[in-house]
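*Asks:* Here it is, the structure in full.
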Amino acid sequence: MSNRLTYIIAGILLTILFFVAVFSMKDDSATFDELAHTPAGYSYLSQRDYRLNPEHPPLIKDLAAIPLLFLNLNFPKDHPSWVQEENPVWWLQFEFGSQFLYHSGNNPDQIVFWSRLPMILLLIFLGWLLFYWARELFGNKVALLSLFLFSFSPTFLAHGRLVTTDVGAVLGVVLASYFWLKFLKSPTKKNIILAGLIFGIVMLFKFSLILLIPFFAIITLVYAWVKGEKNYIFNILKYVGLALLVGTIGMVFIIFPVYQYHVLNYPVERQVRDTQFLLSSTVIPKPLTDLNIWMASNPILRPFSQYLLGLLLAVNRGTGGNTTYFLGEVSAAGWVQYFPIVYLLKEPLAFHVLTLIAVLFLSYSIKRPFWQKSFSRFKNWIIAHFTEFAFLLWLFIYWGTSLSSNLNIGVRHLLPTFPFIYILVSFGIVSWLKAGKNLAFSFIKYSILIILILWQISSVVSIYPHFLSYFNEIAGGPDNGYVYTVDSNLDWGQDLKRLKKWVDENNIEKIYVDYFGGGDAKFYLKEKFIPWWGTRDPEELPRGSYLAVSATLLQGGRGEPAPGFDQPTDYYRWLYQYDPPIAKIGYSIFVYQIQ
């Protein structure tokens with residue numbers, strides 16, 4: 001395939017991705033995390049104060065907030081959620097978000113639209129980078145197939161247009177890995193500095209990317225070993241020293257100045273108070289919390305203190321978990337089978353078939369495991385395929401960490417593994433196509449690939465614009481997704497404006513609403529809105545009245561409590577008598593008429 005045709009097809013795929021992302025988000029209301037991220041980003045740029053949402057680094061939120069600086073927005077400086085005279089409990093950031101978006105004279109739909117545009121541009125850049133690296137490694141066909149899998153991924157289409165750190169984390173993994181591997185293979189001054197600066201930037205995308213540190217440590221040691229010839233010790237010490245230099249460059253020249261800017265107007269005494277309170281209820285060892293508090297009081301170290309605070313809060317949340325519904329149960333402790341099953345159900349079945357073909361073919365091609373029979377054979381394989389080795393190691397580290405995590409709230413948390421999976425699967429498929437000289441067999445293989453590509457396109461396009469609620473054929477499609485899992489896999493609050501449209505079109509005078517998400521039901525429904533919550537007595541609902549319940553809250557009130565979970569989970573089982581609901585808004589809000 002010629003380079004010119006390759007670039008044309010890649011440009012078409014990225015253009016389609018851009019327009020599908022833009023047009024599919026226009027009727028979506030703010031999702032749950034956006035209620036915290038978007039106002040926090042605006043506060044960082046306009047106030048230079050980092051009191052909101054410290055458990056996430058600032059850079060993605062900053063990018064989302066840049067267009068908002070040109071909208072002449074009202075900032076509720078005097079609202080208690082910003083002033084925070086008392087201790088900064090976690091929900092204040094959401095209260096402030098609600099105040100900023102819906103109760104300060106601002107246009108929330110305008111804010112949501114413009115803040116999401118930089119995220120879509122980030123998504124397009126990620127797609128281009130994936131294509132560029134895959135082409136550099138394996139050529140045009142692998143690059144195009146990788147870009148196709150990316151462009152028609154329902155998970156990237158869903159989350160790549162939202163103001164969250166998930167897609168930013170993916171970009172961080174690809175970007176940092178590319179430059180780190182480049183530094184290892186050619187440790188010139190230029191590559192060392194570039195790797196350091198990129199590493200610092202990436203550490204400002206999402207705290208889960210701290211996993212890149214052990215990943216880079218391992219591949220650095222392995223590379224130094226396989227390339228050391230007879231001077232193993234010297235080569236290892238050399239690369240360890242260079243790696244420490246790279247990390248230092250990122251910390252000193254990127255992380256420090258960025259956090260310094262963000263705490264310029266954040267009073268020292270408030271930072272100390274907030275740090276003490278936020279760490280007081282964590283499982284973080286006391287020496288670390290004491291160190292963090294001391295750093296907050298030091299005028300030189302306080303930017304690093306704020307970074308460390310966010311990192312510790314992220315670690316604590318991953319350990320503590322989050323209450324959610326999965327396969328008929330409700331738990332805050334997580335399930336070891338959660339991510340494998342969600343990955344199986346949330347990614348296109350056509351892609352799973354491609355993965356299976358690639359794995360079977362590559363396994364057959366190896367003949368026997370490359371680590372058997374000969375240690376030197378294993379070493380030679382790593383030397384010849386070091387980038388692929390690095391990809392596989394990252395998948396092992398990230399998946400292993402995810403399986404042990406208690407934070408089970410969405411397939412989006414697996415996104416940092418997707419680009420490397422796409423490249424490896426595409427390489428396997430292209431190698432499979434090239435194998436053999438039988439024309440008839442080649443025709444069959446290409447026919448299978450075309451069928452799978454068309455199947456994936458059809459499967460993903462058919463759910464437009466509800467990409468967040470995508471489930472494949474194994475789950476029975478998006479209509480059946482709520483049976484398996486909810487939260488950001490299905491229902492993040494994106495359908496509130498569609499509920500308003502349904503209420504208006506059906507001339508509903510009043511509707512009770514139990515809503516989960518970043519929107520404001522009263523703002524959109526106005527006098528038609530009556531608040532409801534799951535633990536209220538159903539007898540309070542008048543006959544003939546309408547009740548709208550978000551799927552996340554509905555299933556949380558229907559599931560069985562997992563072992564050790566002691567919170568109520570039976571408060572919505574009475575709604576079984578009204579199944580099926582009279583309407584589904586998108587796939588995330590269920591509407592019942594009470595008889």
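Naming scheme: A, B, ... for chains in displayed order of the structure tokens; residues 1 onward per chain; ligands 1 onward as shown.
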Would you list, as a PDB file with N, CA and C atoms, in the first residue's frame, the residues of segment 290-340 of chain A that end up in alpha helix (DSSP H) under DSSP run on this structure's backbone?
*Replies:*
```pdb
ATOM      1  N   ASP A 290       2.458  12.868  57.481  1.00  0.00           N
ATOM      2  CA  ASP A 290       3.204  13.910  58.205  1.00  0.00           C
ATOM      3  C   ASP A 290       4.165  14.642  57.274  1.00  0.00           C
ATOM      4  N   LEU A 291       4.833  13.874  56.403  1.00  0.00           N
ATOM      5  CA  LEU A 291       5.743  14.489  55.439  1.00  0.00           C
ATOM      6  C   LEU A 291       4.992  15.424  54.506  1.00  0.00           C
ATOM      7  N   ASN A 292       3.822  14.982  54.032  1.00  0.00           N
ATOM      8  CA  ASN A 292       3.009  15.785  53.124  1.00  0.00           C
ATOM      9  C   ASN A 292       2.573  17.097  53.791  1.00  0.00           C
ATOM     10  N   ILE A 293       2.164  17.012  55.036  1.00  0.00           N
ATOM     11  CA  ILE A 293       1.728  18.208  55.776  1.00  0.00           C
ATOM     12  C   ILE A 293       2.892  19.169  55.978  1.00  0.00           C
ATOM     13  N   TRP A 294       4.062  18.616  56.334  1.00  0.00           N
ATOM     14  CA  TRP A 294       5.244  19.477  56.515  1.00  0.00           C
ATOM     15  C   TRP A 294       5.625  20.169  55.213  1.00  0.00           C
ATOM     16  N   MET A 295       5.563  19.436  54.090  1.00  0.00           N
ATOM     17  CA  MET A 295       5.892  20.027  52.795  1.00  0.00           C
ATOM     18  C   MET A 295       4.918  21.152  52.441  1.00  0.00           C
ATOM     19  N   ALA A 296       3.647  20.992  52.831  1.00  0.00           N
ATOM     20  CA  ALA A 296       2.643  22.022  52.528  1.00  0.00           C
ATOM     21  C   ALA A 296       2.964  23.337  53.226  1.00  0.00           C
ATOM     22  N   SER A 297       3.630  23.263  54.359  1.00  0.00           N
ATOM     23  CA  SER A 297       3.957  24.481  55.121  1.00  0.00           C
ATOM     24  C   SER A 297       5.255  25.116  54.656  1.00  0.00           C
ATOM     25  N   ARG A 302       5.896  23.437  48.722  1.00  0.00           N
ATOM     26  CA  ARG A 302       4.442  23.294  48.710  1.00  0.00           C
ATOM     27  C   ARG A 302       3.868  22.860  47.350  1.00  0.00           C
ATOM     28  N   PRO A 303       4.476  23.218  46.200  1.00  0.00           N
ATOM     29  CA  PRO A 303       3.963  22.646  44.944  1.00  0.00           C
ATOM     30  C   PRO A 303       4.090  21.124  44.913  1.00  0.00           C
ATOM     31  N   PHE A 304       5.235  20.600  45.378  1.00  0.00           N
ATOM     32  CA  PHE A 304       5.404  19.150  45.439  1.00  0.00           C
ATOM     33  C   PHE A 304       4.449  18.531  46.451  1.00  0.00           C
ATOM     34  N   SER A 305       4.140  19.272  47.512  1.00  0.00           N
ATOM     35  CA  SER A 305       3.202  18.785  48.519  1.00  0.00           C
ATOM     36  C   SER A 305       1.818  18.586  47.915  1.00  0.00           C
ATOM     37  N   GLN A 306       1.393  19.534  47.093  1.00  0.00           N
ATOM     38  CA  GLN A 306       0.066  19.421  46.472  1.00  0.00           C
ATOM     39  C   GLN A 306       0.023  18.252  45.498  1.00  0.00           C
ATOM     40  N   TYR A 307       1.122  18.032  44.791  1.00  0.00           N
ATOM     41  CA  TYR A 307       1.207  16.878  43.890  1.00  0.00           C
ATOM     42  C   TYR A 307       1.148  15.576  44.688  1.00  0.00           C
ATOM     43  N   LEU A 308       1.923  15.506  45.766  1.00  0.00           N
ATOM     44  CA  LEU A 308       1.940  14.303  46.596  1.00  0.00           C
ATOM     45  C   LEU A 308       0.578  14.057  47.229  1.00  0.00           C
ATOM     46  N   LEU A 309      -0.109  15.128  47.642  1.00  0.00           N
ATOM     47  CA  LEU A 309      -1.446  14.987  48.217  1.00  0.00           C
ATOM     48  C   LEU A 309      -2.382  14.305  47.227  1.00  0.00           C
ATOM     49  N   GLY A 310      -2.397  14.785  46.005  1.00  0.00           N
ATOM     50  CA  GLY A 310      -3.266  14.177  44.994  1.00  0.00           C
ATOM     51  C   GLY A 310      -2.932  12.726  44.759  1.00  0.00           C
ATOM     52  N   LEU A 311      -1.639  12.416  44.712  1.00  0.00           N
ATOM     53  CA  LEU A 311      -1.216  11.037  44.505  1.00  0.00           C
ATOM     54  C   LEU A 311      -1.666  10.138  45.645  1.00  0.00           C
ATOM     55  N   LEU A 312      -1.527  10.598  46.879  1.00  0.00           N
ATOM     56  CA  LEU A 312      -1.940   9.807  48.033  1.00  0.00           C
ATOM     57  C   LEU A 312      -3.458   9.616  48.064  1.00  0.00           C
ATOM     58  N   LEU A 313      -4.198  10.652  47.688  1.00  0.00           N
ATOM     59  CA  LEU A 313      -5.656  10.523  47.646  1.00  0.00           C
ATOM     60  C   LEU A 313      -6.094   9.523  46.578  1.00  0.00           C
ATOM     61  N   ALA A 314      -5.390   9.530  45.427  1.00  0.00           N
ATOM     62  CA  ALA A 314      -5.714   8.580  44.359  1.00  0.00           C
ATOM     63  C   ALA A 314      -5.424   7.148  44.797  1.00  0.00           C
ATOM     64  N   VAL A 315      -4.293   6.950  45.475  1.00  0.00           N
ATOM     65  CA  VAL A 315      -3.951   5.614  45.975  1.00  0.00           C
ATOM     66  C   VAL A 315      -4.977   5.159  47.002  1.00  0.00           C
ATOM     67  N   ASN A 316      -5.379   6.073  47.879  1.00  0.00           N
ATOM     68  CA  ASN A 316      -6.359   5.731  48.908  1.00  0.00           C
ATOM     69  C   ASN A 316      -7.697   5.339  48.292  1.00  0.00           C
ATOM     70  N   ARG A 317      -8.102   6.063  47.230  1.00  0.00           N
ATOM     71  CA  ARG A 317      -9.384   5.746  46.603  1.00  0.00           C
ATOM     72  C   ARG A 317      -9.327   4.392  45.902  1.00  0.00           C
ATOM     73  N   GLY A 318      -8.211   4.105  45.239  1.00  0.00           N
ATOM     74  CA  GLY A 318      -8.077   2.810  44.590  1.00  0.00           C
ATOM     75  C   GLY A 318      -8.110   1.668  45.585  1.00  0.00           C
ATOM     76  N   THR A 319      -7.601   1.923  46.795  1.00  0.00           N
ATOM     77  CA  THR A 319      -7.615   0.900  47.842  1.00  0.00           C
ATOM     78  C   THR A 319      -8.988   0.783  48.477  1.00  0.00           C
ATOM     79  N   GLY A 320      -9.638   1.927  48.667  1.00  0.00           N
ATOM     80  CA  GLY A 320     -10.923   1.943  49.371  1.00  0.00           C
ATOM     81  C   GLY A 320     -12.103   1.509  48.538  1.00  0.00           C
ATOM     82  N   TYR A 338     -14.326  -8.439  37.642  1.00  0.00           N
ATOM     83  CA  TYR A 338     -15.022  -7.268  37.094  1.00  0.00           C
ATOM     84  C   TYR A 338     -14.441  -6.828  35.746  1.00  0.00           C
ATOM     85  N   PHE A 339     -13.166  -6.507  35.706  1.00  0.00           N
ATOM     86  CA  PHE A 339     -12.592  -5.952  34.480  1.00  0.00           C
ATOM     87  C   PHE A 339     -12.570  -6.944  33.312  1.00  0.00           C
ATOM     88  N   PRO A 340     -12.232  -8.223  33.529  1.00  0.00           N
ATOM     89  CA  PRO A 340     -12.306  -9.144  32.383  1.00  0.00           C
ATOM     90  C   PRO A 340     -13.711  -9.243  31.782  1.00  0.00           C
TER      91      PRO A 340
END
```
*Asks:* At a cut-off of 12 Å, using only C-alpha atoms, what residues contact Gln99 of chain A? Leave out same-chain residues fewer than 3 positions from it and give the result as a tab-separated table (two decimals) with C-alpha atoms, in the first residue's frame.
*Replies:*
```tsv
chain	number	residue	atom	x	y	z
A	35	LEU	CA	-19.36	18.41	37.28
A	36	ALA	CA	-16.11	18.41	39.28
A	39	PRO	CA	-15.30	24.06	37.17
A	74	ASN	CA	-19.48	34.45	36.46
A	75	PHE	CA	-17.32	32.85	39.15
A	76	PRO	CA	-19.18	32.29	42.47
A	77	LYS	CA	-16.36	33.46	44.74
A	78	ASP	CA	-18.63	34.08	47.69
A	79	HIS	CA	-20.41	30.73	47.65
A	80	PRO	CA	-19.71	28.54	50.71
A	81	SER	CA	-18.52	25.69	48.47
A	82	TRP	CA	-15.65	27.92	47.32
A	92	LEU	CA	-17.94	20.41	48.08
A	93	GLN	CA	-16.31	20.27	44.64
A	94	PHE	CA	-19.58	18.92	43.23
A	95	GLU	CA	-21.61	21.53	45.07
A	96	PHE	CA	-19.34	24.21	43.64
A	102	TYR	CA	-26.43	26.09	36.93
A	103	HIS	CA	-26.89	28.81	39.53
A	104	SER	CA	-24.53	31.67	38.69
A	105	GLY	CA	-26.11	33.03	35.53
A	106	ASN	CA	-23.85	31.00	33.25
A	107	ASN	CA	-25.02	28.91	30.29
A	108	PRO	CA	-24.21	25.30	31.29
A	518	GLY	CA	-23.52	15.97	36.42
A	519	GLY	CA	-26.69	17.67	35.23
A	520	ASP	CA	-29.25	19.52	37.29
A	523	PHE	CA	-32.55	23.43	36.01
```
*Asks:* Which one of A:Pro299, A:Asp514, A:Asn191, A:Val430 sits closest to Ile249 of chain A if you count only C-alpha atoms?
*Replies:*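 Using only C-alpha atoms, Ile249 of chain A sits closest to A:Asn191.
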*Asks:* One decimal, in Å: what's the spacing between atom CA of Thr6 of chain A and atom CA of Ala390 of chain A?
*Replies:*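 Atom-to-atom, atom CA of Thr6 of chain A to atom CA of Ala390 of chain A, that is 26.4 Å.
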*Asks:* Can you tell me which residues surround segment 225-227 of chain A at a distance of at most 7 Å, considering only C-alpha atoms, apart from same-chain residues fewer than 5 positions away, and format the answer as a PyMOL selection string?
*Replies:* chain A and resi 232+236+379+383
*Asks:* Produce a file of the selected residues containing N, CA and C atoms, as a compact mmCIF listing (two decimals), in the first residue's frame.
*Replies:*
```txt
# COMPACT_ATOMS: atom_id res chain seq x y z
N TYR A 232 27.83 -5.84 31.93
CA TYR A 232 26.45 -5.74 32.39
C TYR A 232 26.30 -4.71 33.50
N ILE A 236 24.13 -1.28 33.29
CA ILE A 236 22.95 -1.10 34.14
C ILE A 236 23.07 0.17 34.96
N LYS A 379 16.66 -14.15 25.27
CA LYS A 379 17.35 -12.87 25.24
C LYS A 379 17.38 -12.28 23.83
N ILE A 383 15.85 -8.71 22.39
CA ILE A 383 16.66 -7.75 21.63
C ILE A 383 15.98 -7.40 20.31
```
*Asks:* Of the residues A:Ile421, A:Ala224, A:Leu356, A:Ile193, which is the one nearest to Leu130 of chain A, using only C-alpha atoms?
*Replies:*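 Among A:Ile421, A:Ala224, A:Leu356, A:Ile193, it is A:Ile421 that comes nearest to Leu130 of chain A.
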*Asks:* Looking at A:Gly97, A:Val460, A:Ile474, A:Lys141, which one is nearest to Gly428 of chain A, with distances taken over only C-alpha atoms?
*Replies:*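 Checking each candidate against Gly428 of chain A, we get A:Lys141 as the closest.
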*Asks:* Determine, counting only C-alpha atoms, which protein, DNA and RNA residues have an atom within 10 Å of an atom of Thr355 of chain A; residues of the same chain fewer than 6 positions away are not included. Present the result as a PyMOL selection string.
*Replies:* chain A and resi 349+361+421-422+424-426+428-429
*Asks:* Can you list every residue of segment 404-448 of chain A that has an atom at most 12 Å from segment 196-220 of chain A, with its nearest atom pair and the distance in Å to one decimal, using only C-alpha atoms, ordered by chain then number, as a tab-separated table?
*Replies:*
```
residue	atom	partner	partner_atom	distance
A:Ser405	CA	A:Ser208	CA	11.5
A:Leu407	CA	A:Ser208	CA	11.9
A:His413	CA	A:Ser208	CA	9.3
A:Leu414	CA	A:Ser208	CA	11.0
A:Leu415	CA	A:Ser208	CA	11.6
A:Pro416	CA	A:Leu209	CA	8.9
A:Thr417	CA	A:Leu209	CA	11.6
```
*Asks:* Export, as a PDB file, in the first residue's frame, the selected residues with N, CA and C atoms.
*Replies:*
```
ATOM      1  N   SER A 405      -7.453  -4.037  42.119  1.00  0.00           N
ATOM      2  CA  SER A 405      -8.020  -2.777  42.605  1.00  0.00           C
ATOM      3  C   SER A 405      -9.465  -2.970  43.082  1.00  0.00           C
ATOM      4  N   LEU A 407     -11.475  -0.381  42.957  1.00  0.00           N
ATOM      5  CA  LEU A 407     -12.210   0.677  42.252  1.00  0.00           C
ATOM      6  C   LEU A 407     -12.742   0.120  40.937  1.00  0.00           C
ATOM      7  N   HIS A 413     -11.293   2.601  32.819  1.00  0.00           N
ATOM      8  CA  HIS A 413     -10.049   2.489  33.567  1.00  0.00           C
ATOM      9  C   HIS A 413      -9.052   1.548  32.901  1.00  0.00           C
ATOM     10  N   LEU A 414      -9.508   0.790  31.908  1.00  0.00           N
ATOM     11  CA  LEU A 414      -8.605  -0.076  31.148  1.00  0.00           C
ATOM     12  C   LEU A 414      -8.076   0.602  29.885  1.00  0.00           C
ATOM     13  N   LEU A 415      -8.562   1.791  29.572  1.00  0.00           N
ATOM     14  CA  LEU A 415      -8.185   2.462  28.326  1.00  0.00           C
ATOM     15  C   LEU A 415      -6.672   2.586  28.118  1.00  0.00           C
ATOM     16  N   PRO A 416      -5.857   2.806  29.155  1.00  0.00           N
ATOM     17  CA  PRO A 416      -4.413   2.925  28.920  1.00  0.00           C
ATOM     18  C   PRO A 416      -3.763   1.683  28.314  1.00  0.00           C
ATOM     19  N   THR A 417      -4.466   0.562  28.299  1.00  0.00           N
ATOM     20  CA  THR A 417      -3.920  -0.646  27.662  1.00  0.00           C
ATOM     21  C   THR A 417      -4.355  -0.779  26.208  1.00  0.00           C
TER      22      THR A 417
END
```
*Asks:* Please provide the set of residues having any atom within 10 Å of Thr569 of chain A, restricted to only C-alpha atoms, with same-chain residues fewer than 4 positions apart removed, written as a ChimeraX atom specification.
*Replies:* /A:325,329-331,534-535,553-562,565,573
*Asks:* Please produce a file of those selected residues containing C-alpha atoms, as a PDB file, in the first residue's frame.
*Replies:*
```pdb
ATOM      1  CA  TYR A 325     -23.539  -2.624  41.000  1.00  0.00           C
ATOM      2  CA  GLU A 329     -24.568  -7.564  43.451  1.00  0.00           C
ATOM      3  CA  VAL A 330     -23.721  -4.271  45.121  1.00  0.00           C
ATOM      4  CA  SER A 331     -20.326  -3.836  46.723  1.00  0.00           C
ATOM      5  CA  GLY A 534     -34.701   5.607  46.552  1.00  0.00           C
ATOM      6  CA  THR A 535     -35.237   5.245  50.291  1.00  0.00           C
ATOM      7  CA  LEU A 553     -29.408   4.293  41.215  1.00  0.00           C
ATOM      8  CA  LEU A 554     -32.056   1.793  40.114  1.00  0.00           C
ATOM      9  CA  GLN A 555     -29.667  -1.166  40.068  1.00  0.00           C
ATOM     10  CA  GLY A 556     -27.981   0.004  43.252  1.00  0.00           C
ATOM     11  CA  GLY A 557     -31.403  -0.345  44.884  1.00  0.00           C
ATOM     12  CA  ARG A 558     -32.136  -3.753  43.374  1.00  0.00           C
ATOM     13  CA  GLY A 559     -28.910  -5.728  43.668  1.00  0.00           C
ATOM     14  CA  GLU A 560     -28.093  -8.186  46.398  1.00  0.00           C
ATOM     15  CA  PRO A 561     -25.480  -7.009  48.907  1.00  0.00           C
ATOM     16  CA  ALA A 562     -22.107  -8.646  48.308  1.00  0.00           C
ATOM     17  CA  PHE A 565     -21.508  -4.987  52.291  1.00  0.00           C
ATOM     18  CA  ARG A 573     -37.136  -3.841  44.155  1.00  0.00           C
TER      19      ARG A 573
END
```
*Asks:* List the neighbours of segment 441-454 of chain A out to 12 Å using only C-alpha atoms; skip same-chain residues closer than 6 positions along the sequence, and give me the result as a list in words.
*Replies:* Leu144, Leu145, Ser146, Phe148, Leu149, Ser151, Phe152, Ser153, Pro348, Leu349, Ala350, Phe351, His352, Val353, Leu354, Thr355, Ile357, Ala358, Ser426, Ile429, Val430, Ser431, Trp432, Leu433, Lys434, Ala435, Val460, Val461 and Ser462 of chain A
*Asks:* Using Å and a single decimal, report how far atom CA of His262 of chain A sits from atom CA of Phe277 of chain A.
*Replies:*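 About the pair atom CA of Phe277 of chain A and atom CA of His262 of chain A: they are 19.9 Å apart.
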*Asks:* Counting only C-alpha atoms, which of A:Gln577, A:Gln337, A:Thr15, A:Ser365 gets nearest to Ser404 of chain A?
*Replies:* A:Gln337
*Asks:* Which residues come within 9 Å of Ile508 of chain A, counting only C-alpha atoms, excluding same-chain residues fewer than 6 positions away, as a list in words?
*Replies:* Trp502, Lys528 and Tyr546 of chain A
*Asks:* Those residues with N, CA and C atoms, as a JSON list (two decimals), in the first residue's frame please?
*Replies:*
```json
[["chain", "number", "residue", "atom", "x", "y", "z"],
["A", 502, "TRP", "N", -38.32, 14.37, 26.29],
["A", 502, "TRP", "CA", -39.41, 13.38, 26.36],
["A", 502, "TRP", "C", -40.57, 13.92, 27.19],
["A", 528, "LYS", "N", -41.67, 21.31, 36.43],
["A", 528, "LYS", "CA", -42.15, 19.93, 36.26],
["A", 528, "LYS", "C", -41.41, 18.94, 37.15],
["A", 546, "TYR", "N", -45.54, 9.97, 37.38],
["A", 546, "TYR", "CA", -44.40, 9.46, 36.63],
["A", 546, "TYR", "C", -43.15, 9.53, 37.50]]
```
